[in-house]
Amino acid sequence: MVRFITRRLVFFLFTLILTSIIIFTLTRVLPGDVARTMLGREASQAQVESLRQELGLDRPLLMQYVDWASSFARGDWGRTFSRPRQEILGLVLRRTLNSARLAVLTLMIAVPLSILLGVIAGLNESRLPDNIISILALTMASVPEFVTGILLINIFALGLGWFPASSAVRSDAALFEALPSMWLPALTATLVLIAYISHLTRASVIQEVKKEYVRTAALKGLPQRTVVFRHVLCNALIPTITVIATSTGWLISGLVVTEFVFGYPGLGRLLMFAIEKRDLPTVQAIVMVTVITILVANFVADILYAAINPRIKLK
Amino acid sequence: MADPVLQVKNLNVSYEINRRWVSAVRDFHLQINAGQVYGVVGESGSGKSTAAKAIIRYLAANGRIEPGSSIWLAGDELTSMPLHALRSIWGARVNLVPQNPGAALNPAMRVGDQVAEIIRLHGTASRTEAQQQAVEALRRVNLPDPESTVRRYPHELSGGQQQRVLIAMALITSPRLLILDEPTTALDVTTEATILDLVHDLIHAEGAGALFVTHNLGVVAQFCDRVSVLYAGEIVEDAATQDLYDHPLHPYTMGLLNSVVHPGQTKRDRALSVIEGQPPALTDRPEGCAFAARCPLAVEICQTRPPLAPAGDGRLVRCHRWQDVAEGAAALSDTKAQDAAVDDNLAESREGLLQARDLSKHYAIPRTLRDVFSGSTPKPVHAVEKVSLHVLRGRTYGLVGESGSGKTTLARLIIGLEQSTSGTLDLLGIDINRGVRQRPSEVLSTLQMVFQNPQNSLNPYLTVGQAIRRPLIKLRGLSRPEADREVERLLRDVNLNVDYAQRHPTELSGGEKQRVAIARAFASDPALVLCDEPVSSLDVSVQAAVLNLLARLQEERGTAYLFISHDLAVVGYLADYVAVMYLGELFEVGAAKELFNPPLHPYTEALVSAIPAPDPHRRALRVRLSDDIPSPREKPSGCAFHTRCPRKLGPICEQEAPPWHSDENDHFIRCHIPLDELAVLQGQALMGKEE
């Protein structure tokens with residue numbers, strides 16, 4: 001187990017270093033000088049030069065990278081370029097927390113629902129319930145998030161008036177304050193996830209129920225729900241749990257469109273603003289946080305997979 | 001006598017295939033009494049598994065039991081029973097011991113919990129009581145250290161141990177009926193013997209009835225009180241085991257019994273009898289007798305369906321001509337078989353072909369974190385250890401041993417799929433001790449292989465013709481038209497019609513696929529063919545035909561075989577020399593005809609005595625090996641076999657590697673016991689058997 005985790009950790013670090021190099025290089029080779037961007041068209045060449053010096057942009061790339069990476073690791077992420085010039089660290093972490101809240105809520109709705117649908121579909125392979133679930137799930141998945149989001153706003157906010165249409169709460173709002181406005185974005189993200197997770201659950205349920213141990217369980221005289229929940233599910237969910245862990249990374253950092261549609265103050269919306277304003281340090285920080293969350297999610301998925309599957313001997 | 005445990009009358013089962021209902025089992029009758037073991041024998045597709053599943057009402061979703069069928073299990077009629085009521089029968093009054101113990105246990109659940117589950121379901125035991133009873137149940141099936149075994153997961157147990165867990169599970173509720181569905185087919189012959197002994201004792205102790213579904217005529221002879229023979233979904237003959245084996249009345253039964261290889265029978269005695277043709281597909285069964293098309297005794301009346309007629313002594317037979325057979329007026333002729341026997345002289349000297357000297361294969365074990373800290377390196381696994389072999393031109397060299405003995409690794413070294421760690425390997429004087437990609441093409445064409453499972457060794461996208469043509473063009477350098485002519489010749493050689501060249505593997509039966517694999521191996525005109533369990537996945541009658549084919553091709557072409565098998569009777573039949581392997585080492589080497597005569601190495605003795613002889617009068621010697629073959633990672637010191645040896649002398653076996661002894665017939669045995677003493681010991685065992 002220790003060996004397995006250390007090996008995974010080494011992989012983790014390597015990936016992190018490699019991606020940080022890529023991110024750093026990309027922002028440096030992109031057209032458009034940072035100092036010029038910050039100062040605007042009217043600034044003189046001398047002003048630009050002095051700012052370049054101040055920012056350290058005139059030094060060799062390798063030095064710049066080492067500086068940047070070590071200050072990032074120390075938690076010194078600098079201030080945003082755009083005004084008001086805030087501390088990037090606090091800003092990004094607060095937004096990450098908001099995104100994580102939304103991700104947890106989404107998972108709490110999506111996981112039980114899609115596993116249930118997947119099991120129902122899998123146990124009724126190619127029969128009516130399976131066809132209905134599969135077609136609906138696929139439809140949901142193929143409609144873009146901004147369409148489902150707007151549809152949900154029209155039905156549940158404007159039509160029924162159950163939830164607020166906008167999720168634009170203050171970014172440091174407390175959970176109970178933000179919760180009512182989180183349902184619709186969570187539901188939008190759920191619709192994307194359901195197709196994926198229920199399809200996977202369906203496939204592995206279909207595969208598992210054909211196995212002989214299911215016959216053994218049934219011929220013990222166990223009622224069908226015990227056969228399904230005690231025997232089939234504990235094997236069928238092994239791949240599903242891994243995928244859920246992996247998609248948590250995507251939920252935290254990848255809901256750019258959903259957060260934008262609802263105006264939810266998460267990481268994705270911050271990224272959009274930062275890009276619009278060419279706020280390079282902020283973009284870098286957000287992308288690094290994104291990479292880290294996705295890597296952590298995959299790391300957890302790997303360990304979960306090994307931990308819940310007794311057949312894998314950790315080496 | 002008490003009421004029968006199971007009474008099946010007029011059972012008809014159909015499957016829906018392409019929107020048509022096709023009959024799979026027709027007019028099946030059966031009666032099993034308490035304490036009786038009833039065999040149902042048939043080849044694949046005979047309907048034996050369908051009948052067994054129908055009896056416990058566990059058919060596939062596209063199967064149904066036709067109206068008019070009745071199944072009485074200990075006083076209850078099952079065909080009309082609703083599903084929820086069946087659940088109180090399943091597990092309580094009828095239990096199943098399945099074919100693949102590895103697949104039949106839930107991989108994510110501790111075995112103790114799986115046993116305790118059925119105890120709790122059908123009893124009133126509390127959680128802790130059930131766990132306690134599970135330990136006792138595992139103890140009863142002789143699992144070592146049951147207290148810790150209950151906490152293990154199935155993958156931590158060997159195949160034999162998994163099957164013991166399933167047997168414990170099947171017997172814990174004291175069912176009236178046990179369905180044994182090929183329970184030992186997936187196990188080694190030594191494990192099979194101990195499992196069958198165990199089941200036999202437990203069934204008698206419980207007074208349960210047992211339905212034993214199998215294709216293995218040896219197991220039936222040793223284990224069943226009465227037998228039903230199934231062909232194309234119908235019972236063709238039903239009799240007490242001894243009557244059936246002594247005087248089979250149905251031509252199919254006769255053909256089946258004749259095609260079995262008996263221990264001690266060799267290719268020099270005679271070729272094996274074969275049932276020509278194939279069983280009919282479910283979808284086009286003939287109107288009349290289903291066997292008529294293949295029956296050497298068929299006459300005009302056989303175009304009508306024969307009834308299952310009583311034939312005296314409680315026997316039943318479905319044949320129009322059973323009276324002729326019983327009176328001796330009709331019999332299968334064996335002359336053709338006798339003609340085909342191999343008659344070359346074993347004493348005649350032959351040129352050497354393949355020579356292995358002290359060939360070893362060690363696998364390094366990766367270091368764990370603990371090893372890194374303590375600075376130690378784990379000992380490598382010795383999969384093959386100092387094996388020396390000398391294969392002669394045109395001879396068959398048999399290699400036997402349990403799974404895990406290193407047979408297949410040795411074959412992979414010789415064919416070049418693995419690289420040896422040390423030792424030498426020569427083919428006709430050329431050093432071939434290297435990977436297959438580094439070997440010159442003459443070596444590749446001289447050395448070919450036939451694999452165990454023809455389903456996997458033929459590329460499903462290539463036609464038979466393309467598969468055979470490839471080595472002809474690549475290794476023999478033939479042009480396309482020459483190769484096409486050669487394909488036709490090869491197909492004829494393996495008794496396949498030339499139009500098979502256009503077919504894909506999915507259109508062939510298992511036996512036909514193996515013939516194609518053999519034709520492909522012979523395409524490059526090899527001097528040596530490695531055969532890794534080439535007949536173990538085939539039905540009895542097909543197996544006989546493939547063995548005959550291999551013997552004939554060897555005689556015609558002078559090809560040598562290295563024939564790997566766990567089936568000693570088959571090896572004894574085809575091989576000229578036999579090597580017995582255990583944990584990577586050879587323990588006995590000698591002429592195959594000596595394989596069944598003492599002196600034998602104690603391990604060989606155990607292997608031989610574990611073979612279930614297809615003859616109810618011949619009870620096997622009861623030398624049983626305790627527990628399973630040790631893991632090659634923890635190879636015992638001294639003589640590797642000492643942990644299981646029934647003839648262990650004492651500390652010398654634990655400390656010193658045994659020396660090789662040989663007698664005047666070039667029969668080599670590696671044991672601390674001198675040969676003459678072994679002969680005396682084993683002679684006594686034989687005397688004991690005849691009493």
# chains A, B, ... in the order shown; residues from 1 in each chain; ligands from 1
>>> closest_atom_pairs(of="range 77-129 of chain A", to="range 196-201 of chain A", cutoff="10 Å", atoms="only C-alpha atoms", output="CSV")
residue,atom,partner,partner_atom,distance
A:Ala110,CA,A:Ile197,CA,8.5
A:Val111,CA,A:Ile197,CA,7.6
A:Pro112,CA,A:Ser198,CA,9.7
A:Leu113,CA,A:Ser198,CA,8.3
A:Ser114,CA,A:Ser198,CA,4.6
A:Ile115,CA,A:Ser198,CA,5.6
A:Leu116,CA,A:Ser198,CA,7.7
A:Leu117,CA,A:Ser198,CA,6.0
A:Gly118,CA,A:Ser198,CA,4.1
A:Val119,CA,A:Thr201,CA,6.5
A:Ile120,CA,A:Ser198,CA,9.5
A:Ala121,CA,A:Ser198,CA,8.4
A:Gly122,CA,A:Thr201,CA,7.5
>>> interface_residues(of="chain A", to="chain B", cutoff="7 Å", atoms="only C-alpha atoms", output="JSON, numbers by chain")
{"A": [3, 211, 212, 213, 216, 219, 220, 221, 222, 231, 234, 235, 309, 310, 311]}
>>> write_last_selection(atoms="N, CA, C and O atoms", output="short mmCIF file (atom, residue, chain, number, x, y, z; two decimals), in the first residue's frame")
data_model
loop_
_atom_site.label_atom_id
_atom_site.label_comp_id
_atom_site.auth_asym_id
_atom_site.auth_seq_id
_atom_site.Cartn_x
_atom_site.Cartn_y
_atom_site.Cartn_z
N ARG A 3 3.96 1.49 -0.81
CA ARG A 3 4.70 1.53 -2.07
C ARG A 3 3.84 2.08 -3.20
O ARG A 3 4.27 2.92 -3.98
N LYS A 211 -22.47 -12.99 -14.45
CA LYS A 211 -21.40 -13.79 -13.85
C LYS A 211 -21.98 -14.88 -12.95
O LYS A 211 -23.08 -14.75 -12.43
N GLU A 212 -21.17 -15.91 -12.78
CA GLU A 212 -21.69 -17.10 -12.09
C GLU A 212 -21.94 -16.87 -10.61
O GLU A 212 -22.78 -17.53 -10.01
N TYR A 213 -21.21 -15.93 -10.00
CA TYR A 213 -21.44 -15.75 -8.58
C TYR A 213 -22.84 -15.21 -8.31
O TYR A 213 -23.39 -15.41 -7.23
N THR A 216 -24.88 -18.20 -8.05
CA THR A 216 -24.68 -18.79 -6.73
C THR A 216 -25.54 -18.07 -5.70
O THR A 216 -26.21 -18.72 -4.89
N LEU A 219 -29.28 -18.82 -6.21
CA LEU A 219 -29.63 -20.19 -5.84
C LEU A 219 -29.46 -20.45 -4.35
O LEU A 219 -29.79 -21.52 -3.87
N LYS A 220 -28.92 -19.49 -3.61
CA LYS A 220 -28.97 -19.61 -2.15
C LYS A 220 -30.41 -19.38 -1.69
O LYS A 220 -30.75 -19.69 -0.55
N GLY A 221 -31.22 -18.78 -2.57
CA GLY A 221 -32.58 -18.44 -2.20
C GLY A 221 -32.72 -17.00 -1.74
O GLY A 221 -33.73 -16.63 -1.16
N LEU A 222 -31.72 -16.18 -2.01
CA LEU A 222 -31.78 -14.77 -1.59
C LEU A 222 -32.82 -14.03 -2.43
O LEU A 222 -32.96 -14.29 -3.62
N HIS A 231 -24.65 -8.34 -3.73
CA HIS A 231 -23.66 -9.06 -4.54
C HIS A 231 -23.29 -8.33 -5.81
O HIS A 231 -22.11 -8.13 -6.08
N CYS A 234 -21.70 -4.38 -5.30
CA CYS A 234 -20.36 -4.15 -4.75
C CYS A 234 -19.28 -4.46 -5.78
O CYS A 234 -18.17 -3.97 -5.68
N ASN A 235 -19.63 -5.24 -6.81
CA ASN A 235 -18.67 -5.43 -7.90
C ASN A 235 -18.89 -4.44 -9.03
O ASN A 235 -17.93 -3.95 -9.62
N ASN A 309 -11.26 -2.68 -4.19
CA ASN A 309 -11.22 -3.90 -4.98
C ASN A 309 -10.25 -4.88 -4.34
O ASN A 309 -9.04 -4.73 -4.48
N PRO A 310 -10.77 -5.88 -3.63
CA PRO A 310 -9.87 -6.77 -2.90
C PRO A 310 -8.96 -7.57 -3.82
O PRO A 310 -7.97 -8.11 -3.36
N ARG A 311 -9.30 -7.64 -5.11
CA ARG A 311 -8.47 -8.45 -5.99
C ARG A 311 -7.16 -7.77 -6.34
O ARG A 311 -6.21 -8.42 -6.73
#
>>> select_by_dssp(residues="range 281-436 of chain B", states="helix (DSSP H, G or I)", output="ChimeraX atom specification")
/B:282-284,292-294,300-303,322-327,335-339,369-374,407-415,436
>>> residues_around(residues="range 298-306 of chain A", least_positions_apart="5", cutoff="10 Å", atoms="only C-alpha atoms", output="PyMOL selection string")
chain A and resi 1+4-5+8-9+11-12+237-249+292-293+311-314
>>> closest_residue(among="B:Asp269, B:Asp371, B:Glu677, B:Asp525", to="Arg557 in chain B", atoms="only C-alpha atoms")
B:Asp525
>>> select_by_dssp(residues="range 503-679 of chain B", states="strand (DSSP E)", output="JSON, numbers by chain")
{"B": [528, 529, 530, 531, 532, 560, 561, 562, 563, 564, 565, 577, 578, 579, 580, 581, 582, 585, 586, 587, 588, 589, 590, 591, 660, 661, 662, 668, 669, 670]}
>>> atom_distance(atom1="CA of Pro183 in chain B", atom2="CA of Phe641 in chain B")
26.7 Å
>>> residues_around(residues="Ala285 in chain A", least_positions_apart="5", cutoff="12 Å", atoms="only C-alpha atoms", output="PyMOL selection string")
chain A and resi 20+23-24+27+68-69+71-73+75-80+87-93+95-96+267+270-271+274-275+279-280+290-292
>>> decode(residues="range 145-182 of chain A", atoms="N, CA, C and O atoms", output="short mmCIF file (atom, residue, chain, number, x, y, z; two decimals), in the first residue's frame")
data_model
loop_
_atom_site.label_atom_id
_atom_site.label_comp_id
_atom_site.auth_asym_id
_atom_site.auth_seq_id
_atom_site.Cartn_x
_atom_site.Cartn_y
_atom_site.Cartn_z
N GLU A 145 -24.69 22.70 -22.03
CA GLU A 145 -25.08 23.14 -20.70
C GLU A 145 -25.83 24.46 -20.71
O GLU A 145 -26.71 24.68 -19.90
N PHE A 146 -25.44 25.36 -21.64
CA PHE A 146 -26.12 26.66 -21.58
C PHE A 146 -27.58 26.54 -21.99
O PHE A 146 -28.43 27.27 -21.53
N VAL A 147 -27.89 25.52 -22.84
CA VAL A 147 -29.29 25.30 -23.22
C VAL A 147 -30.07 24.71 -22.05
O VAL A 147 -31.12 25.23 -21.66
N THR A 148 -29.53 23.64 -21.44
CA THR A 148 -30.25 23.05 -20.30
C THR A 148 -30.37 24.08 -19.18
O THR A 148 -31.41 24.17 -18.52
N GLY A 149 -29.30 24.86 -18.97
CA GLY A 149 -29.33 25.85 -17.90
C GLY A 149 -30.46 26.84 -18.12
O GLY A 149 -31.27 27.09 -17.22
N ILE A 150 -30.56 27.37 -19.33
CA ILE A 150 -31.59 28.37 -19.63
C ILE A 150 -32.97 27.74 -19.54
O ILE A 150 -33.91 28.32 -19.00
N LEU A 151 -33.06 26.47 -20.01
CA LEU A 151 -34.32 25.74 -19.92
C LEU A 151 -34.76 25.61 -18.46
O LEU A 151 -35.92 25.87 -18.10
N LEU A 152 -33.81 25.24 -17.60
CA LEU A 152 -34.13 25.05 -16.18
C LEU A 152 -34.55 26.38 -15.55
O LEU A 152 -35.47 26.42 -14.74
N ILE A 153 -33.87 27.47 -15.94
CA ILE A 153 -34.24 28.79 -15.41
C ILE A 153 -35.67 29.10 -15.81
O ILE A 153 -36.49 29.50 -14.98
N ASN A 154 -36.00 28.84 -17.09
CA ASN A 154 -37.34 29.13 -17.56
C ASN A 154 -38.40 28.34 -16.81
O ASN A 154 -39.46 28.86 -16.48
N ILE A 155 -38.12 27.06 -16.57
CA ILE A 155 -39.12 26.22 -15.91
C ILE A 155 -39.19 26.51 -14.41
O ILE A 155 -40.23 26.88 -13.88
N PHE A 156 -38.04 26.36 -13.73
CA PHE A 156 -38.08 26.35 -12.27
C PHE A 156 -37.98 27.74 -11.64
O PHE A 156 -38.44 27.94 -10.53
N ALA A 157 -37.37 28.70 -12.34
CA ALA A 157 -37.26 30.03 -11.76
C ALA A 157 -38.38 30.94 -12.28
O ALA A 157 -39.22 31.42 -11.51
N LEU A 158 -38.46 31.10 -13.61
CA LEU A 158 -39.44 32.03 -14.16
C LEU A 158 -40.83 31.43 -14.12
O LEU A 158 -41.80 32.09 -13.81
N GLY A 159 -40.94 30.12 -14.44
CA GLY A 159 -42.25 29.48 -14.48
C GLY A 159 -42.80 29.17 -13.10
O GLY A 159 -43.76 29.76 -12.63
N LEU A 160 -42.13 28.24 -12.42
CA LEU A 160 -42.65 27.77 -11.13
C LEU A 160 -42.21 28.66 -9.96
O LEU A 160 -42.83 28.65 -8.91
N GLY A 161 -41.12 29.38 -10.16
CA GLY A 161 -40.65 30.29 -9.12
C GLY A 161 -40.11 29.59 -7.89
O GLY A 161 -40.14 30.11 -6.78
N TRP A 162 -39.62 28.33 -8.06
CA TRP A 162 -39.10 27.59 -6.90
C TRP A 162 -37.72 28.08 -6.49
O TRP A 162 -37.37 28.05 -5.32
N PHE A 163 -36.92 28.44 -7.47
CA PHE A 163 -35.53 28.82 -7.18
C PHE A 163 -35.26 30.18 -7.80
O PHE A 163 -35.91 30.54 -8.78
N PRO A 164 -34.28 30.92 -7.28
CA PRO A 164 -33.91 32.17 -7.92
C PRO A 164 -33.28 31.90 -9.29
O PRO A 164 -32.63 30.88 -9.48
N ALA A 165 -33.50 32.81 -10.23
CA ALA A 165 -32.98 32.62 -11.58
C ALA A 165 -31.49 32.88 -11.63
O ALA A 165 -30.76 32.28 -12.40
N SER A 166 -31.03 33.81 -10.79
CA SER A 166 -29.61 34.13 -10.82
C SER A 166 -28.94 33.58 -9.57
O SER A 166 -29.53 33.56 -8.49
N SER A 167 -27.72 33.12 -9.77
CA SER A 167 -26.96 32.61 -8.63
C SER A 167 -25.87 33.58 -8.24
O SER A 167 -24.91 33.22 -7.58
N ALA A 168 -26.02 34.84 -8.68
CA ALA A 168 -24.94 35.80 -8.44
C ALA A 168 -24.96 36.29 -7.00
O ALA A 168 -25.34 37.43 -6.71
N VAL A 169 -24.57 35.42 -6.09
CA VAL A 169 -24.46 35.83 -4.70
C VAL A 169 -23.07 36.42 -4.49
O VAL A 169 -22.19 36.29 -5.34
N ARG A 170 -22.88 37.06 -3.33
CA ARG A 170 -21.55 37.55 -3.01
C ARG A 170 -20.62 36.35 -2.95
O ARG A 170 -21.02 35.27 -2.50
N SER A 171 -19.37 36.53 -3.35
CA SER A 171 -18.49 35.37 -3.43
C SER A 171 -18.10 34.88 -2.04
O SER A 171 -17.65 33.75 -1.89
N ASP A 172 -18.28 35.70 -0.98
CA ASP A 172 -17.95 35.20 0.35
C ASP A 172 -19.22 34.93 1.16
O ASP A 172 -19.20 34.95 2.39
N ALA A 173 -20.31 34.62 0.46
CA ALA A 173 -21.55 34.34 1.17
C ALA A 173 -21.46 33.03 1.93
O ALA A 173 -20.77 32.10 1.51
N ALA A 174 -22.16 32.95 3.07
CA ALA A 174 -22.17 31.71 3.85
C ALA A 174 -23.01 30.67 3.12
O ALA A 174 -23.83 31.01 2.26
N LEU A 175 -22.80 29.40 3.49
CA LEU A 175 -23.43 28.31 2.76
C LEU A 175 -24.95 28.43 2.76
O LEU A 175 -25.59 28.33 1.72
N PHE A 176 -25.57 28.68 3.96
CA PHE A 176 -27.03 28.71 4.03
C PHE A 176 -27.60 29.84 3.17
O PHE A 176 -28.67 29.76 2.62
N GLU A 177 -26.78 30.89 3.04
CA GLU A 177 -27.19 32.05 2.26
C GLU A 177 -27.15 31.71 0.76
O GLU A 177 -28.04 32.09 0.00
N ALA A 178 -26.09 30.96 0.36
CA ALA A 178 -25.88 30.67 -1.05
C ALA A 178 -26.71 29.49 -1.53
O ALA A 178 -27.03 29.38 -2.71
N LEU A 179 -27.09 28.61 -0.60
CA LEU A 179 -27.68 27.32 -0.99
C LEU A 179 -28.89 27.45 -1.94
O LEU A 179 -28.90 26.77 -2.96
N PRO A 180 -29.88 28.33 -1.65
CA PRO A 180 -31.04 28.36 -2.55
C PRO A 180 -30.65 28.63 -4.00
O PRO A 180 -31.23 28.07 -4.91
N SER A 181 -29.62 29.44 -4.19
CA SER A 181 -29.25 29.80 -5.55
C SER A 181 -28.36 28.74 -6.19
O SER A 181 -28.00 28.86 -7.36
N MET A 182 -27.97 27.71 -5.43
CA MET A 182 -27.06 26.70 -5.99
C MET A 182 -27.82 25.55 -6.65
O MET A 182 -27.22 24.75 -7.38
#
